[in-house]
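Content type mmCIF, C-alpha atoms, from the file data23.cif:
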data_target
loop_
_atom_site.label_atom_id
_atom_site.label_comp_id
_atom_site.auth_asym_id
_atom_site.auth_seq_id
_atom_site.Cartn_x
_atom_site.Cartn_y
_atom_site.Cartn_z
CA MET A 1 105.51 134.10 138.20
CA ILE A 2 105.47 131.81 141.22
CA VAL A 3 106.39 128.27 140.24
CA ASN A 4 103.56 126.11 141.55
CA ARG A 5 101.50 123.26 140.14
CA GLU A 6 98.74 125.52 138.83
CA ASN A 7 101.13 127.86 137.02
CA LEU A 8 103.21 124.99 135.65
CA THR A 9 100.07 123.39 134.22
CA ALA A 10 99.08 126.65 132.53
CA VAL A 11 102.57 127.15 131.07
CA PHE A 12 102.76 123.69 129.55
CA ILE A 13 99.18 123.77 128.28
CA ASN A 14 100.19 126.88 126.34
CA LEU A 15 103.31 125.17 124.98
CA LYS A 16 101.27 122.11 124.00
CA THR A 17 98.73 124.29 122.20
CA THR A 18 101.56 126.00 120.30
CA PHE A 19 103.07 122.59 119.43
CA ASN A 20 99.74 121.21 118.18
CA LYS A 21 99.01 124.28 116.07
CA ALA A 22 102.40 124.07 114.36
CA PHE A 23 101.94 120.33 113.88
CA ASP A 24 98.57 120.81 112.16
CA GLU A 25 99.86 123.58 109.87
CA ALA A 26 103.17 122.03 108.78
CA PRO A 27 103.36 120.94 105.12
CA SER A 28 104.26 117.41 104.07
CA LEU A 29 105.04 115.56 100.83
CA TRP A 30 105.32 111.92 101.78
CA GLN A 31 101.67 110.95 101.19
CA GLN A 32 102.13 111.36 97.44
CA THR A 33 104.42 108.34 97.10
CA THR A 34 104.17 106.50 100.40
CA MET A 35 101.42 104.45 102.05
CA LEU A 36 100.65 104.62 105.76
CA VAL A 37 100.71 101.18 107.38
CA PRO A 38 99.58 101.04 111.04
CA SER A 39 101.69 98.88 113.32
CA GLY A 40 100.38 97.05 116.36
CA SER A 41 103.67 95.65 117.66
CA GLY A 42 107.40 96.17 117.56
CA GLN A 43 107.65 95.22 113.90
CA ASN A 44 105.63 94.35 110.79
CA ASP A 45 106.17 91.45 108.41
CA TYR A 46 105.69 92.26 104.72
CA ALA A 47 105.94 88.78 103.20
CA TRP A 48 102.58 89.53 101.51
CA LEU A 49 104.39 91.90 99.15
CA SER A 50 105.51 88.83 97.18
CA ARG A 51 101.93 88.54 95.88
CA PHE A 52 100.96 91.36 93.55
CA PRO A 53 97.12 91.41 93.88
CA LYS A 54 95.42 90.74 90.55
CA MET A 55 92.11 89.17 89.59
CA ARG A 56 92.05 86.08 87.34
CA LYS A 57 89.31 84.20 85.54
CA TRP A 58 87.70 81.64 87.86
CA LEU A 59 87.72 78.31 86.05
CA GLY A 60 87.22 75.23 88.21
CA ASP A 61 88.71 75.44 91.70
CA LYS A 62 90.23 78.67 92.92
CA VAL A 63 93.99 78.91 92.50
CA MET A 64 95.74 79.45 95.83
CA LYS A 65 98.93 81.40 95.36
CA ALA A 66 101.32 80.80 98.24
CA LEU A 67 103.61 83.47 99.60
CA ALA A 68 107.06 83.32 98.09
CA ALA A 69 109.92 82.41 100.40
CA PHE A 70 110.80 86.05 101.02
CA LYS A 71 111.10 87.54 104.48
CA TYR A 72 110.89 91.29 104.83
CA THR A 73 110.43 92.78 108.28
CA VAL A 74 110.39 96.45 109.27
CA VAL A 75 111.24 97.15 112.92
CA ASN A 76 109.82 100.26 114.58
CA GLU A 77 112.22 102.86 115.91
CA ASP A 78 111.92 105.50 118.63
CA TRP A 79 112.00 109.20 117.71
CA GLU A 80 112.14 112.29 119.92
CA ALA A 81 112.72 116.03 120.06
CA THR A 82 113.25 117.50 123.55
CA VAL A 83 113.52 121.05 124.90
CA GLU A 84 114.63 122.06 128.41
CA VAL A 85 112.89 124.90 130.25
CA ASP A 86 114.88 126.64 132.98
CA ARG A 87 112.84 127.21 136.14
CA ASN A 88 114.25 130.75 136.37
CA ASP A 89 112.60 131.58 133.04
CA ILE A 90 109.23 130.66 134.53
CA ASP A 91 110.03 132.68 137.67
CA ASP A 92 110.93 135.67 135.49
CA ASP A 93 107.98 135.34 133.08
CA ASN A 94 110.30 134.60 130.17
CA ILE A 95 108.34 131.59 128.97
CA GLY A 96 107.63 133.29 125.63
CA MET A 97 111.16 132.49 124.52
CA TYR A 98 110.19 128.80 124.41
CA GLU A 99 107.21 129.21 122.11
CA PRO A 100 109.34 129.22 118.91
CA GLN A 101 110.94 125.97 120.10
CA ALA A 102 107.50 124.49 120.73
CA ARG A 103 106.45 125.52 117.21
CA ASP A 104 109.60 124.01 115.73
CA ALA A 105 109.09 120.78 117.67
CA GLY A 106 105.54 120.56 116.30
CA PHE A 107 106.75 121.31 112.77
CA SER A 108 109.49 118.68 113.03
CA ALA A 109 107.09 116.09 114.46
CA ARG A 110 104.68 116.56 111.55
CA GLN A 111 107.52 116.14 109.07
CA LEU A 112 108.92 112.96 110.61
CA PRO A 113 107.29 110.85 107.85
CA ASP A 114 108.96 113.10 105.25
CA GLU A 115 112.35 112.53 106.89
CA ILE A 116 111.85 108.76 106.93
CA ASP A 117 110.51 108.79 103.38
CA ALA A 118 113.50 110.76 102.09
CA ASP A 119 115.95 108.39 103.77
CA LEU A 120 114.27 105.50 101.94
CA LYS A 121 114.60 107.23 98.58
CA ASN A 122 118.15 108.44 99.10
CA ASN A 123 119.20 104.87 99.86
CA ALA A 124 116.89 103.03 97.44
CA PHE A 125 119.70 102.20 95.01
CA ALA A 126 121.62 100.29 97.69
CA SER A 127 118.98 98.95 100.13
CA ASP A 128 117.09 95.66 99.96
CA CYS A 129 113.36 95.37 99.42
CA TYR A 130 111.13 92.35 100.02
CA ASP A 131 112.70 90.10 97.34
CA GLY A 132 116.25 90.51 98.64
CA GLN A 133 117.30 92.75 95.75
CA TYR A 134 117.97 96.46 95.99
CA PHE A 135 114.73 98.40 95.62
CA TYR A 136 116.04 99.82 92.34
CA ASP A 137 117.69 96.83 90.70
CA ASP A 138 118.16 95.25 87.28
CA ASP A 139 117.47 91.68 88.44
CA HIS A 140 114.16 91.42 90.33
CA PRO A 141 112.86 87.82 90.09
CA VAL A 142 109.55 87.56 88.21
CA GLY A 143 108.21 84.08 87.46
CA GLU A 144 110.94 82.14 85.69
CA GLY A 145 112.79 85.30 84.66
CA SER A 146 113.62 88.76 85.95
CA ALA A 147 112.78 92.43 85.43
CA SER A 148 114.54 95.75 85.96
CA ASN A 149 113.31 99.00 87.49
CA LEU A 150 116.81 100.53 87.38
CA GLY A 151 118.24 102.93 84.84
CA THR A 152 121.40 104.97 84.47
CA ALA A 153 120.41 107.64 81.94
CA ALA A 154 120.57 111.29 82.91
CA LEU A 155 117.18 113.00 82.81
CA SER A 156 117.18 114.94 79.56
CA ALA A 157 114.91 117.06 77.41
CA ALA A 158 117.57 117.96 74.84
CA THR A 159 116.06 116.00 71.96
CA THR A 160 113.29 113.47 71.37
CA ALA A 161 115.87 110.68 71.41
CA ALA A 162 117.43 111.89 74.69
CA ALA A 163 114.03 112.25 76.37
CA ALA A 164 112.99 108.80 75.17
CA ALA A 165 116.23 107.24 76.44
CA SER A 166 115.75 108.68 79.93
CA TYR A 167 112.22 109.56 81.04
CA GLY A 168 110.67 107.55 78.21
CA ALA A 169 112.66 104.44 79.09
CA GLY A 170 111.46 104.61 82.68
CA ARG A 171 107.87 105.09 81.62
CA LEU A 172 108.07 102.16 79.20
CA ALA A 173 109.67 99.90 81.82
CA VAL A 174 106.91 100.49 84.38
CA MET A 175 104.13 100.00 81.83
CA SER A 176 105.77 96.74 80.69
CA PHE A 177 105.90 95.02 84.08
CA THR A 178 104.03 91.72 84.35
CA ASP A 179 103.04 89.38 87.16
CA ASP A 180 104.61 85.94 87.72
CA GLU A 181 102.29 84.47 85.11
CA GLY A 182 103.27 86.97 82.44
CA ARG A 183 100.09 89.03 82.55
CA PRO A 184 100.54 92.81 82.22
CA LEU A 185 100.12 94.71 85.50
CA ALA A 186 98.78 97.70 83.53
CA LEU A 187 100.66 100.23 85.63
CA ILE A 188 100.91 103.82 84.44
CA PRO A 189 103.48 106.06 86.20
CA ASP A 190 102.10 109.46 87.08
CA LEU A 191 104.69 111.23 89.26
CA LEU A 192 108.27 112.24 88.45
CA GLU A 193 110.29 112.94 91.61
CA VAL A 194 113.56 114.85 91.52
CA GLY A 195 115.86 116.79 93.80
CA PRO A 196 116.34 120.56 93.49
CA ALA A 197 119.11 120.22 90.91
CA LEU A 198 116.73 118.63 88.39
CA GLU A 199 113.71 120.87 88.96
CA ALA A 200 114.16 122.86 85.74
CA MET A 201 114.70 119.72 83.66
CA GLY A 202 111.63 118.07 85.17
CA LYS A 203 109.46 121.09 84.40
CA LEU A 204 110.74 121.24 80.83
CA LEU A 205 109.94 117.55 80.25
CA LEU A 206 106.47 117.60 81.74
CA GLU A 207 105.21 121.12 81.04
CA ASN A 208 106.81 122.55 77.89
CA GLU A 209 105.24 122.11 74.49
CA LYS A 210 108.71 121.74 72.91
CA LEU A 211 112.00 120.18 73.90
CA THR A 212 115.27 122.11 73.96
CA ASP A 213 115.91 121.50 70.26
CA GLU A 214 112.43 122.89 69.46
CA SER A 215 111.03 119.47 68.53
CA PRO A 216 107.52 118.59 69.85
CA ASN A 217 107.51 117.27 73.41
CA PRO A 218 105.74 113.85 73.44
CA TYR A 219 105.88 113.62 77.25
CA ARG A 220 104.13 116.86 78.14
CA GLY A 221 101.41 116.21 80.75
CA THR A 222 102.23 112.51 81.17
CA ALA A 223 103.04 112.95 84.88
CA LYS A 224 103.15 115.50 87.68
CA LEU A 225 106.43 116.81 89.04
CA LEU A 226 107.46 116.48 92.69
CA VAL A 227 110.56 118.42 93.72
CA ASN A 228 111.77 116.97 97.02
CA PRO A 229 114.35 119.19 98.76
CA ARG A 230 115.42 116.27 100.96
CA LEU A 231 116.79 114.27 98.02
CA THR A 232 120.56 114.61 98.16
CA SER A 233 121.64 113.45 94.71
CA SER A 234 121.97 115.96 91.90
CA THR A 235 121.55 113.25 89.22
CA GLN A 236 119.11 110.61 90.51
CA TRP A 237 115.47 110.74 89.47
CA MET A 238 112.46 108.51 90.13
CA LEU A 239 109.21 107.80 88.32
CA HIS A 240 106.37 106.50 90.52
CA VAL A 241 102.94 104.94 90.23
CA THR A 242 100.78 106.74 92.81
CA ASN A 243 97.29 106.18 91.40
CA ARG A 244 96.85 102.75 93.02
CA PRO A 245 95.98 101.85 96.65
CA LEU A 246 99.48 100.40 97.11
CA LYS A 247 102.38 102.81 96.77
CA PRO A 248 106.12 102.30 96.29
CA PHE A 249 107.17 103.17 99.84
CA ILE A 250 105.93 102.43 103.35
CA TYR A 251 105.59 104.67 106.38
CA GLN A 252 104.99 102.31 109.29
CA GLU A 253 103.43 104.04 112.30
CA ARG A 254 103.38 102.47 115.76
CA LYS A 255 102.77 105.70 117.71
CA LYS A 256 101.91 109.04 116.17
CA PRO A 257 104.04 111.99 117.26
CA VAL A 258 102.68 113.33 120.56
CA PHE A 259 103.55 116.19 122.91
CA VAL A 260 105.19 115.04 126.16
CA GLU A 261 106.29 116.95 129.23
CA GLN A 262 108.23 116.45 132.46
CA THR A 263 107.06 118.88 135.12
CA ASN A 264 107.37 116.93 138.37
CA GLU A 265 109.48 119.13 140.65
CA GLU A 266 110.79 116.07 142.48
CA THR A 267 112.64 114.66 139.46
CA ASP A 268 116.44 114.93 139.41
CA SER A 269 116.43 117.24 136.41
CA VAL A 270 114.36 119.80 138.33
CA PHE A 271 115.72 119.29 141.85
CA MET A 272 119.38 119.15 140.86
CA ARG A 273 119.45 121.31 137.71
CA LYS A 274 116.15 123.29 137.81
CA LYS A 275 115.21 122.02 134.37
CA PHE A 276 111.71 121.14 133.18
CA ARG A 277 111.34 119.42 129.81
CA PHE A 278 108.90 119.15 126.93
CA GLY A 279 108.99 117.79 123.43
CA ALA A 280 107.66 115.15 121.07
CA GLU A 281 107.88 111.37 120.94
CA ALA A 282 106.95 108.88 118.23
CA ARG A 283 107.52 105.29 117.15
CA ALA A 284 107.73 104.63 113.43
CA ALA A 285 109.87 103.25 110.62
CA GLY A 286 110.08 103.18 106.86
CA GLY A 287 110.23 100.36 104.35
CA TYR A 288 110.07 99.56 100.67
CA GLY A 289 106.82 98.48 99.07
CA LEU A 290 106.31 96.98 95.62
CA TRP A 291 109.30 97.74 93.40
CA GLN A 292 107.01 97.47 90.37
CA MET A 293 105.45 100.80 91.40
CA SER A 294 108.61 102.80 90.78
CA TYR A 295 111.54 103.25 88.42
CA GLY A 296 114.77 104.91 89.46
CA SER A 297 117.78 106.13 87.52
CA THR A 298 121.18 106.99 88.90
CA GLY A 299 121.46 109.63 86.17
CA GLU A 300 125.15 108.89 85.78
CA GLY A 301 125.05 106.97 82.49
#

For the structure just supplied, provide its representation as structure tokens.
Amino acid sequence: MIVNRENLTAVFINLKTTFNKAFDEAPSLWQQTTMLVPSGSGQNDYAWLSRFPKMRKWLGDKVMKALAAFKYTVVNEDWEATVEVDRNDIDDDNIGMYEPQARDAGFSARQLPDEIDADLKNNAFASDCYDGQYFYDDDHPVGEGSASNLGTAALSAATTAAAAASYGAGRLAVMSFTDDEGRPLALIPDLLEVGPALEAMGKLLLENEKLTDESPNPYRGTAKLLVNPRLTSSTQWMLHVTNRPLKPFIYQERKKPVFVEQTNEETDSVFMRKKFRFGAEARAAGGYGLWQMSYGSTGEG
């Protein structure tokens, strides 16, 4: 194939089509626990998270609730995946060898939110959220006191007592959360998230009629199970509230992943090294939402 502008355009249109098809078909998990927040600048301020939205009876003048003195900012980051195309491969009609790379770039671009989401969860026991505490912490300030969304119990379905001390304790904690005025938030957790090592235990807790000791399973059907292969811990587990507009985690998107190409033959990469380029670019970041929407256990207790 003669390398000219017309042929180059056709080659990269084909690679872009392959990229877009793979992007559209790639699976993703992040939407189940994470809310998409558009970003219009280099960063977003989430001070509003200090106000859990809740209606109150209107008696007299409206009560204006000021933002707490928390500052939580998420700065967008640049992301890319780039592939080089040797000009000789276009000359020799070997462009087909790049189609798998275009598919993989599209697949990877679609799963960028999943990567960011998993990083948030893997680090949630040691990373700050909007109130300055770790996202999973035993000392979140609430009104004049504090509340905990952190546990240490290993996920267990051995007996009723063991299940209640692990999964049951997390469920009770979330349903007991209140606002700053002491009013129940009425949250009901509906998704148990685990890594591959806890898949069997999660299924037993949520799907089996009986626990390991043959006693009735009181937690059957109380939540759905999400097995996330990107979670690295073999003991940690999380229980989320996903049936509300706000979710526990944030995927902040400044620029959606897009296909990009460099095909100008006058660039140094082509003139000096006979290399064209294509790939994906995006701008995005992750952050922690309302800690009240999730309970996490280290599973090491």

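If you count only C-alpha atoms and ignore residues fewer than 4 places along the chain from Tyr167 of chain A, what sits within 7 Å of it is Leu155, Ala163 and Arg171 of chain A.
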
Name every residue that the PyMOL selection byres ((chain A and resi 180) around 6) selects in this structure, writing the answer as a PyMOL selection string with chains first and numbers rising.
-> chain A and resi 142-143+179+181-182

Do you know which residues are at most 7 Å from Gly202 of chain A counting all atoms listed in the file, after dropping those on the same chain fewer than 4 positions away, and could you put them as an mmCIF file with C-alpha atoms, in the frame of the given file?
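Listing of out31.cif after writing:
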data_model
loop_
_atom_site.group_PDB
_atom_site.id
_atom_site.type_symbol
_atom_site.label_atom_id
_atom_site.label_comp_id
_atom_site.auth_asym_id
_atom_site.auth_seq_id
_atom_site.Cartn_x
_atom_site.Cartn_y
_atom_site.Cartn_z
ATOM 1 C CA LEU A 198 116.730 118.630 88.390
ATOM 2 C CA LEU A 206 106.470 117.600 81.740
ATOM 3 C CA LEU A 225 106.430 116.810 89.040
#

Pairwise distance, atom CA of Asp137 of chain A with atom CA of Gln31 of chain A, equals 23.8 Å

Could you write out as JSON, numbers by chain the residues that the PyMOL selection byres ((chain A and resi 75) around 6) matches in the shown file?
-> {"A": [43, 74, 76]}

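Coordinates place atom CA of Ser269 of chain A at a distance of 27.0 Å from atom CA of Ala22 of chain A.
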
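The nearest approach to Gly132 of chain A among the residues A:Ala280, A:Trp291, A:Ala169, A:Val258, with only C-alpha atoms taken into account, belongs to A:Trp291.
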
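Reported to one decimal place, the separation of atom CA of Glu25 of chain A from atom CA of Arg103 of chain A is 10.1 Å.
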
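Those residues returned by the PyMOL selection byres ((chain A and resi 107-114) around 7) for this file are Ala22, Phe23, Ala26, Ser28, Leu29, Trp30, Arg103, Asp104, Ala105, Gly106, Glu115, Ile116, Asp117, Ala118, Tyr251, Pro257 and Ala280 of chain A.
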
Counting only C-alpha atoms, the residue among A:Glu300, A:Glu84, A:Asp78, A:Glu199 that lies closest to Glu281 of chain A is A:Asp78

Rank A:Ser166, A:Leu211, A:Leu150, A:Leu120 by their smallest atom-to-atom distance to Thr33 of chain A, using all atoms listed in the file, and report the top residue only.
-> A:Leu120
